[in-house]
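K.L.:
Following this message is one structure expressed as structure tokens.
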Amino acid sequence: MKNTFATNVWKMYLVRMLFNMYFISAVIVPFYIEWGGIKFSQILFLNAWFMAWNFLTEIPTGTIADFLGRKVSIILGCFVGIFGIMVYVSYPNLIIFMVGEVLFGVSYTLLSGADEALIYDSLKETGQIQLSKKIFSRMESFKLAGIVLGAVAGSFIAKKYGLRMTLTLQVIPLAIAGCLACTFKEPPIWEKKPALTFRSYKKILSDGVRFFTGHRVLKLLTLDMVVVNAFAWIIIFFYQPLLKNVGVDIVYFGFVHAGMSLVEIIIINNFIRFEGWLGAKKRLLFFSAFITGVAFIVLSFTHYLPLVAAAIILSAGFGLTRGPLFSSYMNKYIPSDKRATVLSTTSMLRTLAIEVINTCSGLLAEWSIPYTLLILGISTVIFAFLSRIKEEHLID
């Protein structure tokens with residue numbers, strides 16, 4: 001039986017890789033401007049709209065995972081994503097894109113929290129909780145591997161078949177991920193739940209949210225995670241205009257995106273080594289935020305291509321990789337029956353922060369991308385020094 005739950009881990013690696021194989025990521029800005037016919041500020045508005053629906057659906061879908069099962073939630077996430085793609089590529093229109101983003105938001109949140117909850121409880125069944133940081137880091141690595149493969153492939157797909165096809169072909173890896181998710185084994189913590197009713201759904205929801213709001217350490221960890229991630233997130237949309245401004249051709253955008261993801265993979269898989277070099281887990285959290293802020297400040301004034309590329313890669317490498325660390329630390333404080341709901345609560349707050357920062361950054365970017373990066377960079381550095389997390393909060 002333990003081996004059955006152990007297979008959930010490698011299956012989840014593959015599901016995460018396939019779900020995140022975004023062919024569109026390499027050319028997302030040209031896709032919207034050239035095929036979609038919208039402005040740069042509207043691109044960031046769409047991402048903020050996506051994050052708004054993440055915010056609205058995060059806890060309800062997390063509770064669905066605790067209510068119907070994490071496996072069901074993940075399967076639904078894959079196939080709702082496929083429907084979202086079909087809507088999105090039907091016609092280049094802002095309103096249609098907004099409908100597609102709603103579906104993408106639901107798809108994303110059906111996986112968010114459910115995947116980590118299923119794996120953490122699978123590790124409990126196999127007596128391997130002490131490996132959670134390593135396993136969550138590998139999950140993130142496979143997600144990034146999917147992004148790398150998607151970004152490189154997307155550049156060539158866009159060049160040969162057009163921008164629309166980069167999104168259309170994402171149906172294939174999503175369908176494979178959904179079929180693979182059907183083979184997950186649900187841990188007993190869910191199987192032993194009482195009869196499921198709407199009343200029990202509401203109780204799971206309220207108990208999970210109440211647990212989070214009453215837990216001081218979880219709130220501190222969540223604050224640190226969401227603020228830095230929200231600042232760092234903007235590089236996903238800014239790096240392509242930055243590269244274009246220094247004369248990089250669209251076919252190479254995917255390789256820069258792949259470089260970002262490869263550096264993220266390297267950093268994620270060396271967390272323990274970094275902690276050893278720095279002498280404390282808290283120092284790694286500070287260092288990753290500080291480097292992200294400094295990289296943004298550098299991007300605000302340089303037009304030297306090697307320095308631009310290095311700063312883009314470092315800001316993504318350190319700013320977007322902190323999630324697995326926080327997931328490992330936070331899971332130590334969360335009971336199994338509330339895990340997906342509580343994790344979805346933290347993810348909801350993350351998406352709210354991204355939504356706010358994206359909206360403000362989009363407006364500022366119409367004025368000046370360099371000044372926007374300068375403001376974000378200084379803000380990230382200041383927050384790194386103000387963090388109230390203590391070493392004793394970071395339990396392995």
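Residue numbering restarts at 1 for every chain of the structure tokens, chains are lettered A, B, ... in their displayed order, and ligands are numbered from 1 as they appear.
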Give me the residues near Val217 in chain A as a PyMOL selection string, where near means some atom within 12 Å (using only C-alpha atoms) and where sequence neighbours in that chain fewer than 4 positions away do not count.
P.N.:
chain A and resi 211-213+221-224+326+329-334+388-395
K.L.:
Residues within 10 Å of range 340-344 of chain A, please, as an mmCIF file with C-alpha atoms, in the first residue's frame. Count only C-alpha atoms; anything in the same chain fewer than 4 positions from it doesn't count.
P.N.:
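Output file out.cif follows:
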data_model
loop_
_atom_site.group_PDB
_atom_site.id
_atom_site.type_symbol
_atom_site.label_atom_id
_atom_site.label_comp_id
_atom_site.auth_asym_id
_atom_site.auth_seq_id
_atom_site.Cartn_x
_atom_site.Cartn_y
_atom_site.Cartn_z
ATOM 1 C CA ASN A 54 -7.593 33.286 -8.751
ATOM 2 C CA PHE A 55 -8.411 35.316 -5.650
ATOM 3 C CA THR A 57 -11.897 30.936 -6.594
ATOM 4 C CA GLU A 58 -8.793 29.963 -4.606
ATOM 5 C CA ILE A 59 -10.470 29.075 -1.300
ATOM 6 C CA PRO A 60 -13.650 27.572 -2.839
ATOM 7 C CA THR A 61 -11.594 25.328 -5.140
ATOM 8 C CA GLY A 62 -9.230 24.462 -2.288
ATOM 9 C CA THR A 63 -12.227 23.439 -0.249
ATOM 10 C CA ILE A 64 -13.448 21.358 -3.202
ATOM 11 C CA ALA A 65 -10.150 19.469 -2.903
ATOM 12 C CA ASP A 66 -10.857 18.816 0.783
ATOM 13 C CA PHE A 67 -14.514 18.053 -0.026
ATOM 14 C CA GLY A 69 -10.838 14.825 -3.046
ATOM 15 C CA ARG A 70 -7.537 16.232 -4.257
ATOM 16 C CA THR A 109 -6.808 27.158 -8.530
ATOM 17 C CA LEU A 110 -8.252 23.653 -8.843
ATOM 18 C CA LEU A 111 -4.637 22.439 -8.842
ATOM 19 C CA SER A 112 -3.277 25.031 -6.432
ATOM 20 C CA GLY A 113 -3.076 23.582 -2.941
ATOM 21 C CA ALA A 114 -4.602 20.265 -4.041
ATOM 22 C CA ASP A 115 -1.336 19.051 -5.571
ATOM 23 C CA GLU A 116 0.778 19.874 -2.508
ATOM 24 C CA ALA A 117 -1.879 18.549 -0.120
ATOM 25 C CA LEU A 118 -2.091 15.229 -1.979
ATOM 26 C CA ILE A 204 -14.474 22.637 5.916
ATOM 27 C CA LEU A 205 -14.260 26.100 4.360
ATOM 28 C CA SER A 206 -14.886 28.032 7.580
ATOM 29 C CA ASP A 207 -12.655 25.784 9.734
ATOM 30 C CA GLY A 208 -9.742 26.076 7.293
ATOM 31 C CA VAL A 209 -9.945 29.856 6.996
ATOM 32 C CA ARG A 210 -10.388 30.251 10.774
ATOM 33 C CA PHE A 211 -7.326 28.078 11.409
ATOM 34 C CA PHE A 212 -5.199 30.267 9.133
ATOM 35 C CA THR A 213 -6.377 33.616 10.506
ATOM 36 C CA LEU A 218 1.468 31.005 9.150
ATOM 37 C CA THR A 222 2.519 33.987 4.034
ATOM 38 C CA SER A 327 5.303 25.328 1.323
ATOM 39 C CA MET A 330 3.943 26.074 6.299
ATOM 40 C CA ASN A 331 2.864 22.449 5.937
ATOM 41 C CA ILE A 334 -1.272 22.614 9.088
ATOM 42 C CA PRO A 335 -3.429 19.558 10.015
ATOM 43 C CA SER A 336 -4.232 17.192 7.135
ATOM 44 C CA MET A 348 -5.346 33.432 -2.559
ATOM 45 C CA LEU A 349 -3.421 36.139 -0.725
ATOM 46 C CA ARG A 350 -0.507 35.655 -3.119
#
K.L.:
Grab the CA of Asn20 in chain A to CA of Gly259 in chain A distance for me, in Å with one decimal place.
P.N.:
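Straight-line distance from CA of Asn20 in chain A to CA of Gly259 in chain A works out to 15.9 Å.
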K.L.:
Go through A:Thr292, A:Asn269, A:Gln240, A:Asn229 and flag the residue nearest Phe136 in chain A, using only C-alpha atoms for the distances.
P.N.:
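Distance minimum relative to Phe136 in chain A lands on A:Asn269.
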K.L.:
May I ask which of the residues A:Phe23, A:Trp53, A:Phe287, A:Tyr13 is the closest one to Arg322 in chain A, counting only C-alpha atoms?
P.N.:
A:Phe287
K.L.:
Which one of A:Cys360, A:Leu220, A:Ala310, A:Ala151 sits closest to Ala26 in chain A if you count only C-alpha atoms?
P.N.:
A:Ala151
K.L.:
Could you tell me which of A:Gly254, A:Gly377, A:Pro324, A:Pro306 comes closest to Phe290 in chain A if we count only C-alpha atoms?
P.N.:
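Result for the nearest residue to Phe290 in chain A: A:Gly377.
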K.L.:
Which residues are near Ile119 in chain A? Cut-off 12 Å, only C-alpha atoms, ignore same chain within fewer than 6 positions. Put them as a PyMOL selection string.
P.N.:
chain A and resi 5-13+70-71+113+125-126+128-129+131-136+138-139+184-187+327-328+331+336+339-340
K.L.:
Between A:Met225, A:Ile267, A:Val308, A:Leu14, single out the one closest to Phe286 in chain A, counting only C-alpha atoms.
P.N.:
A:Met225
K.L.:
Could you give me, as a ChimeraX atom specification, the residues within 8 Å of Thr166 in chain A, counting only C-alpha atoms and dropping anything in the same chain fewer than 2 positions from it?
P.N.:
/A:23-24,154,157-158,162-164,168-170
K.L.:
Kindly export the residues of the current selection with N, CA and C atoms, as a compact mmCIF listing (two decimals), in the first residue's frame.
P.N.:
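Dumped to result-v2.txt:
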# COMPACT_ATOMS: atom_id res chain seq x y z
N PHE A 23 3.61 26.92 -24.11
CA PHE A 23 4.22 27.33 -25.37
C PHE A 23 4.10 28.83 -25.56
N ILE A 24 3.03 29.40 -25.02
CA ILE A 24 2.76 30.83 -25.20
C ILE A 24 3.73 31.71 -24.42
N GLY A 154 7.85 26.93 -27.99
CA GLY A 154 6.95 28.01 -28.37
C GLY A 154 7.58 29.01 -29.32
N ILE A 157 7.43 27.32 -32.67
CA ILE A 157 6.05 27.21 -33.12
C ILE A 157 5.56 28.55 -33.65
N ALA A 158 5.86 29.62 -32.91
CA ALA A 158 5.43 30.96 -33.31
C ALA A 158 6.06 31.36 -34.63
N GLY A 162 2.84 30.53 -36.48
CA GLY A 162 2.10 31.72 -36.06
C GLY A 162 1.86 31.76 -34.55
N LEU A 163 1.57 32.94 -34.06
CA LEU A 163 1.43 33.17 -32.62
C LEU A 163 0.23 32.43 -32.03
N ARG A 164 -0.88 32.37 -32.76
CA ARG A 164 -2.10 31.72 -32.25
C ARG A 164 -1.85 30.26 -31.93
N THR A 168 -2.84 27.31 -28.88
CA THR A 168 -3.71 26.20 -29.29
C THR A 168 -3.10 24.84 -28.94
N LEU A 169 -1.81 24.67 -29.19
CA LEU A 169 -1.17 23.37 -28.98
C LEU A 169 -0.98 23.02 -27.51
N GLN A 170 -1.24 23.96 -26.58
CA GLN A 170 -1.14 23.63 -25.17
C GLN A 170 -2.23 22.65 -24.73
K.L.:
Please identify all polymer residues within 9 Å of Glu355 in chain A, counting only C-alpha atoms, omitting same-chain residues fewer than 3 positions from it, and present them as a ChimeraX atom specification.
P.N.:
/A:45,47-52,55,230,350-352,358-360
